[in-house]
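Q: Handing you this structure, nothing more for now.
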There are 2 protein chains.
Amino acid sequence: MSTVNSPAKGRKFRGLDAVQRREERRARLVEAGLEAFGRRGFQASTVKDVCTEARLTERYFYESFVNREELFSAVYHHCIQHLRQLLMNSLSSLPPDPRAMTQTALRTLFAALRDDPRMARVLFIDVLAAHGDMDKHSLNAMQGFADLLQGYIQLLFPQLKRAQLNPSLISTGLVGACVLLIMRWTVTGFQEPLEEMVRNCAVLFEALATQVGTTPAPTAA
Amino acid sequence: MSTVNSPAKGRKFRGLDAVQRREERRARLVEAGLEAFGRRGFQASTVKDVCTEARLTERYFYESFVNREELFSAVYHHCIQHLRQLLMNSLSSLPPDPRAMTQTALRTLFAALRDDPRMARVLFIDVLAAHGDMDKHSLNAMQGFADLLQGYIQLLFPQLKRAQLNPSLISTGLVGACVLLIMRWTVTGFQEPLEEMVRNCAVLFEALATQVGTTPAPTAA
DNA sequence: TACTTCTGACAATTTCGCGTGTCAATATCG
DNA sequence: CGATATTGACACGCGAAATTGTCAGAAGTA
């Protein structure tokens, strides 16, 4: 009763109780995981590597994660969440013009992954290596990124079904186009200007919109 | 001088000289690698697994390959070569109609990877896991598959440059679409009919052709 | 048949990363 | 200042897999 914290939260260190310190360590491990996985790759990164990067010892690793795979999962979702936030911010203050939305979304995406290429590697390369089996997460995880764009894409092409097309397949295809373009851009050191990437990627979306009959004009019904 | 083979090629077994037997063993290892990598994945497959599959012992593995990565490389190029052959065969006897060529190529591709899903896994999943670094082979390998379609794609869209588009980027995007669609089709057990996959994938190509100005009609100049 | 090459099974060695455990140093609290 | 919770450095055992080595027997040759 003498201290501020009533329910026994253990001794405080650096002004933080046990729970807060534990969370801080976990966050440092996630950041270290992003650095390790994103730079050297999942397979090449050992638990010890991550710990060294985080300036923590193995004991604290197993305090927050049961194994390397679980840390990877945390890193992955950390990246997804970050991108989702960026996309929402950039799209929210935009008029509902399909063409503008497409270009803005793509620009946000390409810029974010150029500014932090570690995410690109984690999201598109390491995912497949992190889980041995295709069945379990691999594609479901890649799908996590697909879902990020899926709803938005389906919103853009309401007429797909009329054209006897499968919206889910079309979405997958467009996501695949973005993904491979980003991967290629990443490994070649971002030689092409951002706007060139956006323009060439956007044209795939716009061409489809035209073909399907959705007028890419602002508010035309 | 008493036997048929003049230059000392060692003793014959089963009618085959040393070189032929060595090549046969190598071929069996490649096939076994395709089976192991394609079913259980690269990471989950040990050298011993592959040898058991090939009904050979480890000694013969190291006779033909310095390590697992080198075997994977052989398996990968084996698959690429196989697909390339299939594509050439199906396209060679075809009138130069862009739309027909697109659909035929896609149909050949999708059918081949459905009939042997091991190749899909090797070409699109394991590639990324097999080489730790992105820099070295990973994307170059994926690019190997892209190149398979690249020339053909560029042939389809001669007008790209006029539209201020980068043919190489467009190609990459379209390849990415195909790849992710195939990956998804593979992991979901080929639920969608072949023709639905082809149609939805082809529309991405055709939409672009329309948009760019290439008439997708048979012989229209 | 006698001899040699080739083959296949498997043991031996090495390497490497995981996950756990120990222990001294340090920081906080009474 | 003690007492103790917390931390960080590091050693240890374990198991899996790679790679080399051994050896007996089968298959070809003279």
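Residue numbering restarts at 1 in every chain; chains get A, B, ... in the order shown in the structure tokens, and ligands count up from 1 in that same order.
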Return as a Markdown table the residues of chain D lying at most 10 Å from chain B, together with the closest atom-to-atom pair for each and the distance in Å to one decimal, counting only C-alpha atoms (C1' of nucleotides), with rows in chain order and ascending residue number.

A:
```
| residue | atom | partner | partner_atom | distance |
| --- | --- | --- | --- | --- |
| D:DA17 | C1' | B:Thr46 | CA | 7.2 |
| D:DA18 | C1' | B:Val47 | CA | 8.0 |
| D:DT19 | C1' | B:Tyr62 | CA | 8.7 |
| D:DT20 | C1' | B:Arg59 | CA | 9.0 |
| D:DA27 | C1' | B:Phe13 | CA | 7.4 |
| D:DG28 | C1' | B:Phe13 | CA | 6.9 |
| D:DT29 | C1' | B:Arg11 | CA | 8.1 |
```

Q: Write out as a ChimeraX atom specification the residues lying within 10 Å of DT22 in chain D, counting only C-alpha atoms (C1' of nucleotides) and excluding same-chain residues fewer than 5 positions away.

A: /C:10-12

Q: Using only C-alpha atoms (C1' of nucleotides), which protein or nucleic acid residues come within 12 Å of DA25 in chain C? Drop anything in the same chain fewer than 6 positions from it, and give the result as a ChimeraX atom specification.

A: /D:6-9

Q: Quote the spacing between CA of Ala207 in chain B and CA of Met119 in chain B in Å to one decimal place.

A: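 Value for the CA of Ala207 in chain B-CA of Met119 in chain B distance: 28.8 Å.
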
Q: Would you give me, as a VMD selection string, the residues in range 16-137 of chain B that DSSP reads as alpha helix (DSSP H)?

A: chain B and resid 18 to 40 47 to 54 58 to 64 68 to 92 98 to 115 117 to 120 127 to 130

Q: Quick check: residues of chain B within 6 Å of chain A, only C-alpha atoms, returned as number ranges by chain.

A: B: 129, 173-174, 176-177, 180-181, 207-208, 211

Q: Between CA of Leu29 in chain A and CA of Cys51 in chain A, measure the distance and give it in Å to one decimal.

A: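 That distance, rounded to one decimal, is 7.0 Å.
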
Q: Pull out every residue of chain C sitting within 8 Å of chain A, counting only C-alpha atoms (C1' of nucleotides), and send them as a list in words.

A: DG17, DA27, DT28 and DC29 of chain C

Q: Name all residues at most 12 Å from DC14 in chain D (count only C-alpha atoms (C1' of nucleotides); drop same-chain ones fewer than 4 positions away) and give them as a PyMOL selection string.

A: chain C and resi 16-20

Q: Mind pulling up the distance from CA of Gln81 in chain B to CA of Ala105 in chain B?

A: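 Distance between the two atoms: 15.2 Å.
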